[in-house]
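**Student:** I have a structure I would like to understand better, so I am pasting it below and will then ask my questions one at a time.
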Amino acid sequence: MISCRDLSKSFGDHKVLDKISFDVPEGIIVGLLGPSGAGKTTLIKILTGQLGFDEGEVSVMGKDVADLTGTDRDKFGIMMDNFGLYERFTCKENLQVFADVYHISPSKVTEALKSVGLEDAVKTKASDLSKGMRARLLLARALMHDPKIIFLDEPTSGLDPKSMRGIHKIILEKKKAGCTVFLTTHNMDEAAKLCDEVMLLDDGHIVERGGPDELCRKYNKVKKISVCLDDGSREEFIQDNESAAKITELIRDGRIETIHSKEPTLETVFLELTGKQLEEA
Ligand SMILES: Nc1ncnc2c1ncn2[C@@H]1O[C@H](COP(=O)(O)OP(=O)(O)OP(=O)(O)O)[C@@H](O)[C@H]1O
Ligand SMILES: [Mg+2]
């Protein structure tokens with residue numbers, strides 16, 4: 001669905017993307033992860049034909065991005081900050097404007113609002129929406145024309161857990177329906193939960209790519225065990241013979257309340273690869 005070969009993009013002297021290559025097969029959710037300023041939004045803009053690039057080849061749905069027609073782009077669903085809403089229009093009016101442009105049946109507007117749980121906010125002005133409702137309206141708009149490929153730039157940024165879960169559910173439903181999803185996020189839990197594959201972007205390069213579990217296992221070099229003792233204290237052991245003897249002794253003395261292996265997260269994988277933290281501490 002997406003193919004990038006040696007894609008480079010600079011703003012002035014600042015090389016944001018440096019010979020990036022990757023492919024995205026149909027029907028999966030791919031997450032692009034990287035710290036603020038890594039070039040995630042820039043890449044989405046390039047993939048959706050909103051921004052040119054300096055070198056390389058980029059094609060989406062088998063077509064060079066430069067040759068994409070309006071009909072091709074009608075198969076894209078895009079949710080990003082710069083695809084704003086008409087603040088003085090209601091939720092329904094915002095979608096109606098979009099439906100008119102895309103020649104979508106008006107009945108789809110009500111359906112789309114319902115699909116994101118905004119049926120009670122039909123008459124609410126965009127300016128009066130909460131953050132979570134706003135994100136859901138943006139998502140409804142991105143999805144209401146049944147796109148084949150969906151680009152989501154930080155779809156849950158700043159949302160409460162419930163709104164986040166709602167958005168995750170919709171994204172997973174779209175995948176089930178056969179859509180390909182390309183999303184960016186800072187949120188490692190989100191990436192681990194949603195994505196079939198993640199790409200880690202740093203300093204203009206994709207430094208690693210793979211399934212979230214696969215990457216975590218690959219970089220789980222120092223295996224740790226966390227133990228909570230009967231006095232409420234917590235101890236961490238590195239998995240080796242010496243720790244095994246200590247832990248056996250603690251078990252024998254009946255001191256252990258809980259014991260579990262400490263799984264590495266995508267956050268620790270990223271930290272190990274780049275020395276940088278993905279999420280703000
Ligand atoms: N139009 C532009 N002109 C000049 N520099 C730009 C422009 N757009 C982006 N940049 C620069 O390119 C770099 C990457 O920006 P981009 O918005 O793609 O990062 P990002 O990974 O999406 O960050 P964030 O996680 O904060 O959204 C930044 O240093 C940014 O300042
Ligand atoms: Mg961005």
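Ordered as shown in the structure tokens, chains take letters A, B, and onward, while each chain numbers its residues from 1 and ligands are numbered from 1 in the order shown.
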Taking 6 positions as the minimum chain separation for residues in the same chain, which residues sit within 8 Å of region 198-211 of chain A when counting only C-alpha atoms? Answer as a PDB file with C-alpha atoms, in the first residue's frame.
**Tutor:**
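result.pdb, written as the output of this step:
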```
ATOM      1  CA  LYS A  15      17.740  17.230   6.943  1.00  0.00           C
ATOM      2  CA  VAL A  16      14.622  15.836   8.565  1.00  0.00           C
ATOM      3  CA  LEU A  17      14.340  12.566   6.613  1.00  0.00           C
ATOM      4  CA  ASP A  18      17.532  10.944   5.360  1.00  0.00           C
ATOM      5  CA  LYS A  19      17.182   8.184   2.739  1.00  0.00           C
ATOM      6  CA  ILE A  20      14.262   6.456   4.362  1.00  0.00           C
ATOM      7  CA  VAL A  30       1.837   0.474  11.159  1.00  0.00           C
ATOM      8  CA  GLY A  31       2.971   2.896  13.826  1.00  0.00           C
ATOM      9  CA  LEU A  32       5.647   5.484  13.269  1.00  0.00           C
ATOM     10  CA  LEU A  33       7.301   6.292  16.585  1.00  0.00           C
ATOM     11  CA  GLY A  34       9.804   8.961  17.306  1.00  0.00           C
ATOM     12  CA  PRO A  35      10.512  11.888  19.612  1.00  0.00           C
ATOM     13  CA  ALA A  38      11.701  13.470  14.445  1.00  0.00           C
ATOM     14  CA  GLY A  39       9.781  14.085  11.218  1.00  0.00           C
ATOM     15  CA  LYS A  40       6.623  12.009  11.733  1.00  0.00           C
ATOM     16  CA  ALA A 191       1.695   1.402  19.712  1.00  0.00           C
ATOM     17  CA  PHE A 270      13.980   3.053  21.908  1.00  0.00           C
ATOM     18  CA  LEU A 273      18.784   2.145  20.431  1.00  0.00           C
ATOM     19  CA  THR A 274      19.020   5.919  20.547  1.00  0.00           C
TER      20      THR A 274
END
```
**Student:** Please, which residues of region 144-206 of chain A, numbered as in this document, come out strand (DSSP E) from DSSP, as number ranges by chain?
**Tutor:** A: 149-153, 180-185, 197-202, 205-206
**Student:** Sorted by chain and rising residue number, list the residues of chain A at most 9 Å from ligand 2 (counting only C-alpha atoms and all ligand atoms), each with its closest atom pair and distance in Å to one decimal, as a tab-separated table.
**Tutor:**
```
residue	atom	partner	partner_atom_place_in_ligand_line	distance
A:Ser36	CA	ligand 2	1 (Mg)	6.8
A:Gly37	CA	ligand 2	1 (Mg)	6.9
A:Ala38	CA	ligand 2	1 (Mg)	8.0
A:Gly39	CA	ligand 2	1 (Mg)	6.8
A:Lys40	CA	ligand 2	1 (Mg)	5.3
A:Thr41	CA	ligand 2	1 (Mg)	4.0
A:Thr42	CA	ligand 2	1 (Mg)	7.2
A:Ile44	CA	ligand 2	1 (Mg)	8.8
A:Met80	CA	ligand 2	1 (Mg)	8.7
A:Asp81	CA	ligand 2	1 (Mg)	8.6
A:Asp153	CA	ligand 2	1 (Mg)	6.6
A:Glu154	CA	ligand 2	1 (Mg)	7.2
A:Thr184	CA	ligand 2	1 (Mg)	7.7
A:Thr185	CA	ligand 2	1 (Mg)	8.5
```
**Student:** Restricted to C-alpha atoms, what would the selected residues look like written as a CSV table (one decimal), in the first residue's frame?
**Tutor:**
```
chain,number,residue,atom,x,y,z
A,36,SER,CA,9.1,15.3,19.0
A,37,GLY,CA,10.6,16.9,15.9
A,38,ALA,CA,11.7,13.5,14.4
A,39,GLY,CA,9.8,14.1,11.2
A,40,LYS,CA,6.6,12.0,11.7
A,41,THR,CA,4.2,14.7,10.6
A,42,THR,CA,6.5,15.6,7.7
A,44,ILE,CA,2.6,11.7,6.7
A,80,MET,CA,-4.2,15.5,11.5
A,81,ASP,CA,-4.0,18.9,13.1
A,153,ASP,CA,-1.2,11.8,13.0
A,154,GLU,CA,-1.2,11.3,16.8
A,184,THR,CA,2.1,8.3,14.4
A,185,THR,CA,2.3,8.3,18.2
```
**Student:** Need to verify the contact set: Asp67 (chain A), 12 Å, only C-alpha atoms, exclusion of same-chain residues closer than 5 positions in sequence. Can you return it as a PyMOL selection string?
**Tutor:** chain A and resi 48-49+57-62+72-73
**Student:** Deliver the residues from the most recent selection as a file, using C-alpha atoms, as an mmCIF file, in the first residue's frame.
**Tutor:**
```cif
data_model
loop_
_atom_site.group_PDB
_atom_site.id
_atom_site.type_symbol
_atom_site.label_atom_id
_atom_site.label_comp_id
_atom_site.auth_asym_id
_atom_site.auth_seq_id
_atom_site.Cartn_x
_atom_site.Cartn_y
_atom_site.Cartn_z
ATOM 1 C CA THR A 48 -0.520 12.073 1.493
ATOM 2 C CA GLY A 49 0.793 14.394 -1.206
ATOM 3 C CA GLU A 57 10.542 7.484 -4.676
ATOM 4 C CA VAL A 58 7.260 7.394 -2.831
ATOM 5 C CA SER A 59 4.183 5.533 -3.951
ATOM 6 C CA VAL A 60 0.849 4.943 -2.276
ATOM 7 C CA MET A 61 -1.637 2.341 -3.515
ATOM 8 C CA GLY A 62 0.753 1.546 -6.340
ATOM 9 C CA ASP A 72 -7.007 8.381 -5.762
ATOM 10 C CA ARG A 73 -6.949 10.708 -2.771
#
```
**Student:** May I have the residues within 8 Å of Met79 (chain A) as a ChimeraX atom specification, using only C-alpha atoms and disregarding those fewer than 6 positions away in the same chain?
**Tutor:** /A:138-139,142,151-153,155
**Student:** Work out how far CA of Leu266 (chain A) is from CA of Asp189 (chain A), in Å to one decimal.
**Tutor:** 8.2 Å
**Student:** Which of these residues is nearest to Thr180 (chain A), using only C-alpha atoms: A:Glu119, A:Glu257, A:Asp13, A:Glu197?
**Tutor:** A:Glu197
**Student:** Enter the distance from CA of Gly27 (chain A) to CA of Ala99 (chain A), in Å, rounded to one decimal.
**Tutor:**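 The value is 25.1 Å.
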**Student:** Which residues come within 8 Å of His260 (chain A), counting only C-alpha atoms, excluding same-chain residues fewer than 3 positions away, as a ChimeraX atom specification?
**Tutor:** /A:225-227
**Student:** Rounded to one decimal place, report the CA of Lys131 (chain A)-CA of Leu159 (chain A) distance in Å.
**Tutor:**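 Atom-to-atom, CA of Lys131 (chain A) and CA of Leu159 (chain A) are spaced 6.6 Å apart.
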**Student:** For the structure I just gave you, how does DSSP split region 211-269 of chain A - specifically, which residues are alpha helix (DSSP H)? Reply as a list in words.
**Tutor:**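 Reading the DSSP output for region 211-269 of chain A, alpha helix (DSSP H) covers Pro212, Asp213, Glu214, Leu215, Cys216, Arg217, Lys218, Asn241, Glu242, Ser243, Ala244, Ala245, Lys246, Ile247, Thr248, Glu249, Leu250, Ile251, Arg252, Leu266, Glu267, Thr268 and Val269 of chain A.
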**Student:** I want to know what sits within 8 Å of Pro147 (chain A), based on only C-alpha atoms, with residues of the same chain fewer than 5 positions away left out; could you give that as a ChimeraX atom specification?
**Tutor:** /A:74-77,142,179
**Student:** Can you spit out the residues from that selection as a short mmCIF file (atom, residue, chain, number, x, y, z; two decimals), in the first residue's frame, using N, CA and C atoms?
**Tutor:**
```
data_model
loop_
_atom_site.label_atom_id
_atom_site.label_comp_id
_atom_site.auth_asym_id
_atom_site.auth_seq_id
_atom_site.Cartn_x
_atom_site.Cartn_y
_atom_site.Cartn_z
N ASP A 74 -9.34 10.30 -2.79
CA ASP A 74 -10.63 10.02 -2.15
C ASP A 74 -10.57 8.71 -1.36
N LYS A 75 -9.57 7.89 -1.67
CA LYS A 75 -9.45 6.61 -0.95
C LYS A 75 -8.60 6.75 0.31
N PHE A 76 -8.13 7.99 0.56
CA PHE A 76 -7.35 8.26 1.77
C PHE A 76 -8.28 8.80 2.87
N GLY A 77 -8.03 8.36 4.09
CA GLY A 77 -8.67 8.99 5.23
C GLY A 77 -7.56 9.67 6.02
N ALA A 142 -12.54 11.70 8.91
CA ALA A 142 -11.51 10.98 8.15
C ALA A 142 -12.03 9.65 7.61
N CYS A 179 -8.92 -2.16 6.06
CA CYS A 179 -8.17 -0.92 5.81
C CYS A 179 -6.71 -1.07 6.24
#
```
**Student:** Taking only C-alpha atoms and all ligand atoms into account, which of A:Leu68, A:Met1, A:Leu129, A:Leu183 comes nearest ligand 1?
**Tutor:**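 Distance minimum relative to ligand 1 lands on A:Leu183.
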**Student:** Compare A:Ala121, A:Ile29, A:Leu51, A:Leu215 by their minimum atom-to-atom distance to ligand 1, counting only C-alpha atoms and all ligand atoms, and give me the closest one.
**Tutor:**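 Between A:Ala121, A:Ile29, A:Leu51, A:Leu215, the residue approaching ligand 1 most closely is A:Leu51.
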**Student:** Skipping near chain neighbours, those fewer than 6 positions away, what residues fall within 12 Å of Asp100 (chain A) using only C-alpha atoms, listed as a list of chain:residue names?
**Tutor:**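 Everything that qualifies: A:Glu93, A:Asn94, A:Pro106, A:Ser107, A:Lys108, A:Val109, A:Met144, A:His145.
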